[in-house]
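S.K.: If it helps, the file is called query.pdb and holds PDB, C-alpha atoms:
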ATOM      1  CA  MET A  13      77.669 138.319 180.715
ATOM      2  CA  SER A  14      74.216 137.395 179.354
ATOM      3  CA  LYS A  15      72.647 133.976 178.842
ATOM      4  CA  PHE A  16      71.030 132.746 175.626
ATOM      5  CA  GLU A  17      68.717 129.718 175.609
ATOM      6  CA  TYR A  18      67.090 128.044 172.612
ATOM      7  CA  THR A  19      65.235 124.836 171.743
ATOM      8  CA  VAL A  20      65.805 123.328 168.281
ATOM      9  CA  THR A  21      62.657 123.074 166.150
ATOM     10  CA  THR A  22      61.555 120.212 163.914
ATOM     11  CA  GLU A  23      62.350 122.299 160.822
ATOM     12  CA  GLN A  24      65.963 122.735 161.994
ATOM     13  CA  GLU A  25      66.606 119.026 162.594
ATOM     14  CA  GLY A  26      69.651 117.786 160.709
ATOM     15  CA  ASN A  27      71.295 121.203 160.423
ATOM     16  CA  ARG A  28      74.688 121.914 161.965
ATOM     17  CA  ILE A  29      74.477 123.676 165.294
ATOM     18  CA  ASP A  30      76.583 126.635 164.135
ATOM     19  CA  LYS A  31      74.199 127.166 161.210
ATOM     20  CA  VAL A  32      71.110 126.900 163.410
ATOM     21  CA  LEU A  33      72.452 129.494 165.830
ATOM     22  CA  SER A  34      73.554 131.937 163.123
ATOM     23  CA  ASP A  35      70.122 131.663 161.496
ATOM     24  CA  VAL A  36      68.347 132.296 164.787
ATOM     25  CA  GLN A  37      70.598 135.238 165.680
ATOM     26  CA  ASN A  38      71.453 137.077 162.454
ATOM     27  CA  GLU A  39      74.044 139.279 164.147
ATOM     28  CA  TRP A  40      76.161 136.235 165.088
ATOM     29  CA  SER A  41      78.524 134.975 162.389
ATOM     30  CA  ARG A  42      79.237 131.262 162.100
ATOM     31  CA  SER A  43      82.930 131.908 162.774
ATOM     32  CA  GLN A  44      82.025 133.696 166.014
ATOM     33  CA  ILE A  45      79.786 130.804 167.061
ATOM     34  CA  GLN A  46      82.527 128.295 166.185
ATOM     35  CA  ASN A  47      84.954 130.191 168.413
ATOM     36  CA  TRP A  48      82.442 130.063 171.257
ATOM     37  CA  ILE A  49      82.057 126.315 170.704
ATOM     38  CA  LYS A  50      85.862 125.906 170.869
ATOM     39  CA  ASP A  51      85.848 127.839 174.134
ATOM     40  CA  LYS A  52      83.161 125.421 175.398
ATOM     41  CA  ILE A  53      80.690 128.127 176.330
ATOM     42  CA  VAL A  54      78.038 126.612 174.028
ATOM     43  CA  LEU A  55      76.248 123.772 175.815
ATOM     44  CA  LEU A  56      73.942 121.332 174.079
ATOM     45  CA  ASN A  57      71.733 119.422 176.502
ATOM     46  CA  ASP A  58      74.071 120.649 179.293
ATOM     47  CA  LYS A  59      77.257 119.356 177.601
ATOM     48  CA  PRO A  60      79.911 120.937 175.335
ATOM     49  CA  VAL A  61      79.306 120.343 171.637
ATOM     50  CA  LYS A  62      81.254 120.300 168.357
ATOM     51  CA  SER A  63      80.583 122.691 165.463
ATOM     52  CA  ASN A  64      79.625 119.896 163.082
ATOM     53  CA  TYR A  65      76.976 118.423 165.404
ATOM     54  CA  LYS A  66      73.709 117.804 163.520
ATOM     55  CA  CYS A  67      70.818 119.067 165.601
ATOM     56  CA  VAL A  68      67.842 116.992 166.709
ATOM     57  CA  SER A  69      64.403 118.437 167.373
ATOM     58  CA  GLY A  70      64.082 119.277 171.071
ATOM     59  CA  ASP A  71      67.794 119.828 171.663
ATOM     60  CA  THR A  72      68.357 122.620 174.173
ATOM     61  CA  VAL A  73      71.169 125.086 173.630
ATOM     62  CA  GLU A  74      72.620 127.380 176.277
ATOM     63  CA  ILE A  75      75.292 130.023 175.698
ATOM     64  CA  GLU A  76      76.947 132.211 178.300
ATOM     65  CA  ILE A  77      77.621 135.109 175.947
ATOM     66  CA  PRO A  78      80.920 136.770 176.863
ATOM     67  CA  GLU A  79      81.232 140.508 177.208
ATOM     68  CA  PRO A  80      82.543 142.129 174.008
ATOM     69  CA  GLN A  81      86.283 142.637 173.932
ATOM     70  CA  GLU A  82      87.418 146.116 174.812
ATOM     71  CA  LEU A  83      88.430 147.856 171.612
ATOM     72  CA  ASP A  84      89.607 151.414 171.319
ATOM     73  CA  VAL A  85      86.709 153.089 169.542
ATOM     74  CA  VAL A  86      88.048 156.579 168.997
ATOM     75  CA  PRO A  87      85.653 159.542 169.304
ATOM     76  CA  GLU A  88      85.632 161.575 166.088
ATOM     77  CA  GLU A  89      84.271 165.078 165.713
ATOM     78  CA  MET A  90      81.524 165.069 163.085
ATOM     79  CA  ASN A  91      78.851 167.449 161.944
ATOM     80  CA  LEU A  92      75.989 165.193 163.021
ATOM     81  CA  ASP A  93      72.381 166.136 162.263
ATOM     82  CA  ILE A  94      70.960 165.816 165.787
ATOM     83  CA  VAL A  95      67.181 166.067 165.481
ATOM     84  CA  TYR A  96      66.387 165.735 169.209
ATOM     85  CA  GLU A  97      68.327 165.165 172.414
ATOM     86  CA  ASP A  98      67.715 165.048 176.154
ATOM     87  CA  SER A  99      69.260 163.152 179.085
ATOM     88  CA  ASP A 100      67.675 159.835 178.009
ATOM     89  CA  VAL A 101      67.395 159.673 174.229
ATOM     90  CA  LEU A 102      68.881 161.140 171.102
ATOM     91  CA  VAL A 103      67.499 161.111 167.557
ATOM     92  CA  VAL A 104      69.980 161.525 164.713
ATOM     93  CA  ASN A 105      69.545 161.788 160.956
ATOM     94  CA  LYS A 106      72.184 159.442 159.487
ATOM     95  CA  PRO A 107      73.550 160.375 156.058
ATOM     96  CA  ARG A 108      73.873 157.929 153.169
ATOM     97  CA  GLY A 109      77.208 156.130 153.098
ATOM     98  CA  MET A 110      77.797 156.137 156.860
ATOM     99  CA  VAL A 111      78.144 152.834 158.765
ATOM    100  CA  VAL A 112      76.227 152.847 162.064
ATOM    101  CA  HIS A 113      78.747 151.111 164.326
ATOM    102  CA  PRO A 114      82.329 149.789 164.142
ATOM    103  CA  ALA A 115      82.867 146.371 162.566
ATOM    104  CA  PRO A 116      85.722 144.656 160.736
ATOM    105  CA  GLY A 117      86.800 147.035 158.003
ATOM    106  CA  HIS A 118      84.951 149.991 159.533
ATOM    107  CA  TYR A 119      86.532 151.016 162.843
ATOM    108  CA  SER A 120      86.452 154.738 162.081
ATOM    109  CA  GLY A 121      84.065 157.151 160.443
ATOM    110  CA  THR A 122      81.010 155.392 161.875
ATOM    111  CA  LEU A 123      78.011 156.998 163.533
ATOM    112  CA  VAL A 124      79.196 155.609 166.883
ATOM    113  CA  ASN A 125      82.559 157.362 166.477
ATOM    114  CA  GLY A 126      80.681 160.613 165.981
ATOM    115  CA  LEU A 127      78.250 160.008 168.835
ATOM    116  CA  MET A 128      81.108 159.335 171.247
ATOM    117  CA  ALA A 129      82.590 162.726 170.423
ATOM    118  CA  HIS A 130      79.173 164.381 170.755
ATOM    119  CA  CYS A 131      78.267 162.916 174.148
ATOM    120  CA  THR A 132      79.746 160.589 176.753
ATOM    121  CA  ASP A 133      76.508 159.257 178.262
ATOM    122  CA  LEU A 134      75.501 156.375 175.991
ATOM    123  CA  SER A 135      73.878 153.116 177.103
ATOM    124  CA  GLY A 136      76.365 150.273 177.560
ATOM    125  CA  ILE A 137      73.899 147.424 176.970
ATOM    126  CA  ASN A 138      75.151 146.720 173.446
ATOM    127  CA  GLY A 139      78.824 146.751 174.490
ATOM    128  CA  VAL A 140      81.727 148.978 173.546
ATOM    129  CA  LEU A 141      81.296 148.617 169.786
ATOM    130  CA  ARG A 142      77.624 149.659 169.756
ATOM    131  CA  PRO A 143      77.083 152.032 172.689
ATOM    132  CA  GLY A 144      73.579 153.472 172.699
ATOM    133  CA  ILE A 145      72.582 151.759 169.440
ATOM    134  CA  VAL A 146      69.019 150.430 169.711
ATOM    135  CA  HIS A 147      68.376 149.663 166.029
ATOM    136  CA  ARG A 148      70.279 150.034 162.764
ATOM    137  CA  ILE A 149      69.811 151.129 159.200
ATOM    138  CA  ASP A 150      72.073 150.033 156.373
ATOM    139  CA  LYS A 151      75.145 151.999 155.309
ATOM    140  CA  ASP A 152      73.529 153.418 152.160
ATOM    141  CA  THR A 153      70.134 153.996 153.772
ATOM    142  CA  SER A 154      69.738 157.501 155.168
ATOM    143  CA  GLY A 155      67.415 158.686 157.887
ATOM    144  CA  LEU A 156      66.353 158.699 161.503
ATOM    145  CA  LEU A 157      67.740 156.520 164.278
ATOM    146  CA  MET A 158      66.979 156.571 167.999
ATOM    147  CA  VAL A 159      69.911 156.280 170.390
ATOM    148  CA  ALA A 160      69.721 155.424 174.109
ATOM    149  CA  LYS A 161      71.787 157.460 176.568
ATOM    150  CA  ASN A 162      71.282 155.112 179.525
ATOM    151  CA  ASP A 163      70.287 151.495 180.133
ATOM    152  CA  MET A 164      66.758 152.351 181.281
ATOM    153  CA  ALA A 165      66.067 154.145 178.012
ATOM    154  CA  HIS A 166      67.704 151.351 176.001
ATOM    155  CA  GLU A 167      65.519 148.633 177.541
ATOM    156  CA  SER A 168      62.376 150.717 177.024
ATOM    157  CA  LEU A 169      63.098 151.439 173.361
ATOM    158  CA  VAL A 170      64.001 147.814 172.617
ATOM    159  CA  SER A 171      60.730 146.692 174.257
ATOM    160  CA  GLN A 172      58.790 149.135 172.093
ATOM    161  CA  LEU A 173      60.418 147.714 168.966
ATOM    162  CA  LYS A 174      59.525 144.177 170.052
ATOM    163  CA  ASP A 175      55.955 145.229 170.895
ATOM    164  CA  LYS A 176      55.612 146.981 167.502
ATOM    165  CA  THR A 177      54.591 150.278 169.099
ATOM    166  CA  THR A 178      57.193 152.441 167.349
ATOM    167  CA  THR A 179      56.515 154.272 164.077
ATOM    168  CA  ARG A 180      59.046 153.753 161.284
ATOM    169  CA  ILE A 181      58.141 155.116 157.860
ATOM    170  CA  TYR A 182      60.514 155.035 154.883
ATOM    171  CA  LYS A 183      60.498 156.578 151.420
ATOM    172  CA  ALA A 184      61.870 154.507 148.530
ATOM    173  CA  ILE A 185      62.224 154.510 144.762
ATOM    174  CA  VAL A 186      61.631 151.103 143.201
ATOM    175  CA  HIS A 187      61.993 149.560 139.773
ATOM    176  CA  GLY A 188      58.747 149.017 137.880
ATOM    177  CA  VAL A 189      55.329 150.664 137.895
ATOM    178  CA  MET A 190      53.351 149.316 140.839
ATOM    179  CA  PRO A 191      49.726 148.633 139.876
ATOM    180  CA  HIS A 192      48.305 148.793 143.406
ATOM    181  CA  ASP A 193      47.994 152.040 145.348
ATOM    182  CA  GLN A 194      48.674 150.272 148.624
ATOM    183  CA  GLY A 195      49.294 146.863 150.081
ATOM    184  CA  THR A 196      50.839 144.734 152.801
ATOM    185  CA  ILE A 197      53.694 142.286 152.371
ATOM    186  CA  ASP A 198      53.493 139.564 155.033
ATOM    187  CA  ALA A 199      56.362 137.198 154.252
ATOM    188  CA  PRO A 200      58.939 135.679 156.652
ATOM    189  CA  ILE A 201      62.604 136.594 156.212
ATOM    190  CA  GLY A 202      65.679 134.481 156.931
ATOM    191  CA  ARG A 203      69.278 134.066 155.831
ATOM    192  CA  ASP A 204      69.775 133.134 152.170
ATOM    193  CA  LYS A 205      71.201 129.597 152.040
ATOM    194  CA  ASN A 206      73.083 130.357 148.836
ATOM    195  CA  ASP A 207      74.597 133.656 149.975
ATOM    196  CA  ARG A 208      75.252 134.304 153.657
ATOM    197  CA  GLN A 209      75.517 138.041 152.983
ATOM    198  CA  LYS A 210      71.879 138.178 151.848
ATOM    199  CA  MET A 211      68.462 137.752 153.407
ATOM    200  CA  THR A 212      65.506 136.256 151.570
ATOM    201  CA  VAL A 213      61.833 135.377 151.935
ATOM    202  CA  THR A 214      61.807 131.810 153.199
ATOM    203  CA  ASP A 215      60.014 129.472 155.587
ATOM    204  CA  ASP A 216      63.334 127.919 156.631
ATOM    205  CA  ASN A 217      64.742 129.308 159.908
ATOM    206  CA  SER A 218      62.980 132.611 159.337
ATOM    207  CA  ARG A 219      61.154 135.233 161.378
ATOM    208  CA  ASN A 220      57.860 136.879 160.552
ATOM    209  CA  ALA A 221      58.149 140.158 158.667
ATOM    210  CA  VAL A 222      55.435 142.646 157.704
ATOM    211  CA  THR A 223      55.783 145.757 155.524
ATOM    212  CA  HIS A 224      52.944 148.105 154.525
ATOM    213  CA  PHE A 225      53.338 150.262 151.401
ATOM    214  CA  ASN A 226      51.593 153.164 149.676
ATOM    215  CA  VAL A 227      52.331 154.497 146.200
ATOM    216  CA  ILE A 228      53.229 158.197 146.200
ATOM    217  CA  LYS A 229      53.912 158.691 142.483
ATOM    218  CA  ARG A 230      54.445 156.593 139.373
ATOM    219  CA  PHE A 231      57.039 157.328 136.693
ATOM    220  CA  THR A 232      58.097 155.575 133.498
ATOM    221  CA  ASN A 233      59.566 152.262 134.731
ATOM    222  CA  TYR A 234      59.811 153.425 138.380
ATOM    223  CA  THR A 235      57.587 154.134 141.401
ATOM    224  CA  PHE A 236      58.064 156.385 144.436
ATOM    225  CA  VAL A 237      56.637 154.616 147.498
ATOM    226  CA  GLU A 238      56.194 154.957 151.233
ATOM    227  CA  CYS A 239      56.880 151.859 153.349
ATOM    228  CA  GLN A 240      55.923 151.411 156.994
ATOM    229  CA  LEU A 241      57.612 148.721 159.040
ATOM    230  CA  GLU A 242      55.535 146.580 161.364
ATOM    231  CA  THR A 243      58.578 144.420 162.117
ATOM    232  CA  GLY A 244      62.260 145.245 161.740
ATOM    233  CA  ARG A 245      64.162 142.415 160.095
ATOM    234  CA  THR A 246      67.564 142.814 158.475
ATOM    235  CA  HIS A 247      67.174 144.373 154.982
ATOM    236  CA  GLN A 248      63.388 144.008 155.369
ATOM    237  CA  ILE A 249      62.166 146.633 152.888
ATOM    238  CA  ARG A 250      64.861 145.728 150.369
ATOM    239  CA  VAL A 251      63.991 142.013 150.545
ATOM    240  CA  HIS A 252      60.215 142.494 150.557
ATOM    241  CA  MET A 253      60.179 144.849 147.593
ATOM    242  CA  LYS A 254      62.340 142.463 145.587
ATOM    243  CA  TYR A 255      60.010 139.608 146.596
ATOM    244  CA  ILE A 256      56.962 141.305 145.049
ATOM    245  CA  GLY A 257      58.911 142.195 141.902
ATOM    246  CA  PHE A 258      59.771 145.848 142.576
ATOM    247  CA  PRO A 259      63.382 145.964 143.884
ATOM    248  CA  LEU A 260      64.828 149.233 145.140
ATOM    249  CA  ALA A 261      66.585 151.472 142.645
ATOM    250  CA  GLY A 262      70.352 151.413 143.109
ATOM    251  CA  ASP A 263      70.303 148.395 145.430
ATOM    252  CA  PRO A 264      73.597 146.559 144.752
ATOM    253  CA  LYS A 265      72.556 143.477 146.684
ATOM    254  CA  TYR A 266      68.938 142.877 145.718
ATOM    255  CA  GLY A 267      68.319 145.004 142.629
ATOM    256  CA  PRO A 268      69.208 144.735 138.942
ATOM    257  CA  SER A 269      72.401 146.207 137.539
ATOM    258  CA  LYS A 270      72.818 149.940 138.046
ATOM    259  CA  THR A 271      70.468 151.923 135.826
ATOM    260  CA  LEU A 272      70.174 155.227 137.715
ATOM    261  CA  PRO A 273      72.847 157.659 138.973
ATOM    262  CA  ILE A 274      72.749 156.730 142.650
ATOM    263  CA  GLU A 275      75.198 154.791 144.815
ATOM    264  CA  GLY A 276      73.358 152.263 146.953
ATOM    265  CA  GLN A 277      69.631 151.769 147.477
ATOM    266  CA  ALA A 278      67.244 154.723 147.199
ATOM    267  CA  LEU A 279      65.838 154.362 150.708
ATOM    268  CA  HIS A 280      65.318 156.935 153.473
ATOM    269  CA  ALA A 281      63.995 156.488 157.031
ATOM    270  CA  GLN A 282      61.848 159.619 157.053
ATOM    271  CA  THR A 283      59.591 159.283 160.109
ATOM    272  CA  LEU A 284      60.429 157.877 163.554
ATOM    273  CA  GLY A 285      58.027 157.792 166.488
ATOM    274  CA  PHE A 286      58.280 156.283 169.965
ATOM    275  CA  THR A 287      57.123 156.735 173.550
ATOM    276  CA  HIS A 288      59.658 158.592 175.673
ATOM    277  CA  PRO A 289      61.116 156.104 178.198
ATOM    278  CA  ARG A 290      60.858 158.515 181.137
ATOM    279  CA  THR A 291      57.916 160.834 180.449
ATOM    280  CA  GLY A 292      55.621 158.378 178.662
ATOM    281  CA  GLU A 293      54.956 161.008 175.992
ATOM    282  CA  TYR A 294      54.668 159.882 172.367
ATOM    283  CA  MET A 295      57.201 161.723 170.207
ATOM    284  CA  GLU A 296      57.487 161.725 166.430
ATOM    285  CA  PHE A 297      60.231 163.153 164.214
ATOM    286  CA  GLU A 298      60.642 163.623 160.480
ATOM    287  CA  ARG A 299      63.442 164.441 158.053
ATOM    288  CA  GLU A 300      62.832 164.887 154.328
ATOM    289  CA  ILE A 301      64.609 162.713 151.753
ATOM    290  CA  PRO A 302      68.261 163.642 151.043
ATOM    291  CA  SER A 303      69.329 165.594 147.960
ATOM    292  CA  GLU A 304      70.472 162.423 146.144
ATOM    293  CA  MET A 305      66.927 161.058 146.162
ATOM    294  CA  SER A 306      65.350 164.431 145.343
ATOM    295  CA  GLU A 307      67.594 164.761 142.302
ATOM    296  CA  LEU A 308      66.696 161.225 141.264
ATOM    297  CA  LEU A 309      62.971 162.059 141.459
ATOM    298  CA  ASP A 310      63.562 165.178 139.354
ATOM    299  CA  LEU A 311      65.353 163.048 136.766
ATOM    300  CA  LEU A 312      62.497 160.511 136.684
ATOM    301  CA  GLU A 313      59.985 163.353 136.323
ATOM    302  CA  LYS A 314      61.843 164.670 133.264
ATOM    303  CA  ARG A 315      62.045 161.199 131.731
ATOM    304  CA  SER A 316      58.330 160.456 132.200
TER     305      SER A 316
END
Could you show the structure in this file as structure tokens?

M.R.:
Amino acid sequence: MSKFEYTVTTEQEGNRIDKVLSDVQNEWSRSQIQNWIKDKIVLLNDKPVKSNYKCVSGDTVEIEIPEPQELDVVPEEMNLDIVYEDSDVLVVNKPRGMVVHPAPGHYSGTLVNGLMAHCTDLSGINGVLRPGIVHRIDKDTSGLLMVAKNDMAHESLVSQLKDKTTTRIYKAIVHGVMPHDQGTIDAPIGRDKNDRQKMTVTDDNSRNAVTHFNVIKRFTNYTFVECQLETGRTHQIRVHMKYIGFPLAGDPKYGPSKTLPIEGQALHAQTLGFTHPRTGEYMEFEREIPSEMSELLDLLEKRS
């Protein structure tokens, strides 16, 4: 069981406590937080609290986060593209359309199901539903992920993500012809107040987010770009590119209606670099864009 502590900010004053907590921790749903409040494991100023409590600046919140419930996550044999593996870490190239870990509606066919069939030594820090998972990419985003095979490796990789010492470079196709060859988007990201399933650039209950981009090639009405993450917020590249007026092609959540023959956003995590938790050696891996994106680029070339 782990402990979470938080102090309410001036900007959050007047908001319900379940909303404040779900904004601070994006992976917690409000229904999950409400259940914790019912179970009286959420303490506000050392006392149990109700879900509809309106927060005051300076309020202190403590949560004894329960261990995840044991669910039967079934190992499934899959033809995984394992890029690198040793006794501490594993790097896998996730295909488009695959969910990373089990969640309501997706308890089979996930990357975790495949990893559990591939190896039994995965870090338990993230619980039974997300063994070994250090970071995620969206279902329809393809590319490289690092997986921890023990708790030492997991803690090291998470620290590197927090310290911004990892290398994460993506390739993307966006709507519009970008006029600048390169740039940096420094805009905080938080939950969209009007749609809980979306993130947005906002100063309200947000976290800093920085994306660097370089134009690779321009087409008629589209641009092929490289994006490097300095931070790793939920949907960061998708939100940032929409924010500057160049949403990702095929993005059903943040882009315009479908105009190109691709299911889901045209986004690929091509390069992943980190320091090995045990040896201290910097390692970098690369996988080229999948065939769906290559075919899309060929189509755009013919149209231009």

S.K.: List the residues selected by the PyMOL selection byres ((chain A and resi 183-185) around 8) in the file shown, writing them as an NGL selection string.

M.R.: :A and (181-182 or 186-187 or 234-239 or 260-261 or 278-282 or 301)

S.K.: Would you save the residues of that selection, restricted to C-alpha atoms, as a short mmCIF file (atom, residue, chain, number, x, y, z; two decimals), in the frame of the given file?

M.R.:
data_model
loop_
_atom_site.label_atom_id
_atom_site.label_comp_id
_atom_site.auth_asym_id
_atom_site.auth_seq_id
_atom_site.Cartn_x
_atom_site.Cartn_y
_atom_site.Cartn_z
CA ILE A 181 58.14 155.12 157.86
CA TYR A 182 60.51 155.04 154.88
CA VAL A 186 61.63 151.10 143.20
CA HIS A 187 61.99 149.56 139.77
CA TYR A 234 59.81 153.43 138.38
CA THR A 235 57.59 154.13 141.40
CA PHE A 236 58.06 156.38 144.44
CA VAL A 237 56.64 154.62 147.50
CA GLU A 238 56.19 154.96 151.23
CA CYS A 239 56.88 151.86 153.35
CA LEU A 260 64.83 149.23 145.14
CA ALA A 261 66.58 151.47 142.65
CA ALA A 278 67.24 154.72 147.20
CA LEU A 279 65.84 154.36 150.71
CA HIS A 280 65.32 156.94 153.47
CA ALA A 281 64.00 156.49 157.03
CA GLN A 282 61.85 159.62 157.05
CA ILE A 301 64.61 162.71 151.75
#

S.K.: What does the PyMOL selection byres ((chain A and resi 63) around 6) select in this file, as a list of chain:residue names?

M.R.: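 So the PyMOL selection byres ((chain A and resi 63) around 6), applied here, picks out A:Asp30, A:Gln46, A:Lys62, A:Asn64, A:Tyr65.
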
S.K.: Can you write out the residues you just picked, keeping C-alpha atoms, as a PDB file, in the coordinates of the input?

M.R.:
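Now in selection-v4.pdb:
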ATOM      1  CA  ASP A  30      76.583 126.635 164.135  1.00  0.00           C
ATOM      2  CA  GLN A  46      82.527 128.295 166.185  1.00  0.00           C
ATOM      3  CA  LYS A  62      81.254 120.300 168.357  1.00  0.00           C
ATOM      4  CA  ASN A  64      79.625 119.896 163.082  1.00  0.00           C
ATOM      5  CA  TYR A  65      76.976 118.423 165.404  1.00  0.00           C
TER       6      TYR A  65
END

S.K.: Written as a list in words, which residues does the PyMOL selection byres ((chain A and resi 173-179) around 7) give for the file shown?

M.R.: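 In the shown coordinates, the PyMOL selection byres ((chain A and resi 173-179) around 7) covers Leu169, Val170, Ser171, Gln172, Arg180, Ile181, Glu242, Thr243, Leu284, Gly285 and Phe286 of chain A.
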
S.K.: Quick one: of A:Ser218, A:Thr21, A:Thr283, A:Thr122, who's nearest to Arg299 in chain A, counting all atoms listed in the file?

M.R.: A:Thr283

S.K.: Calculate how many Å separate CA of Glu300 in chain A from CA of Asn138 in chain A, rounding to one decimal.

M.R.: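 Interatomic distance, CA of Glu300 in chain A to CA of Asn138 in chain A: 29.1 Å.
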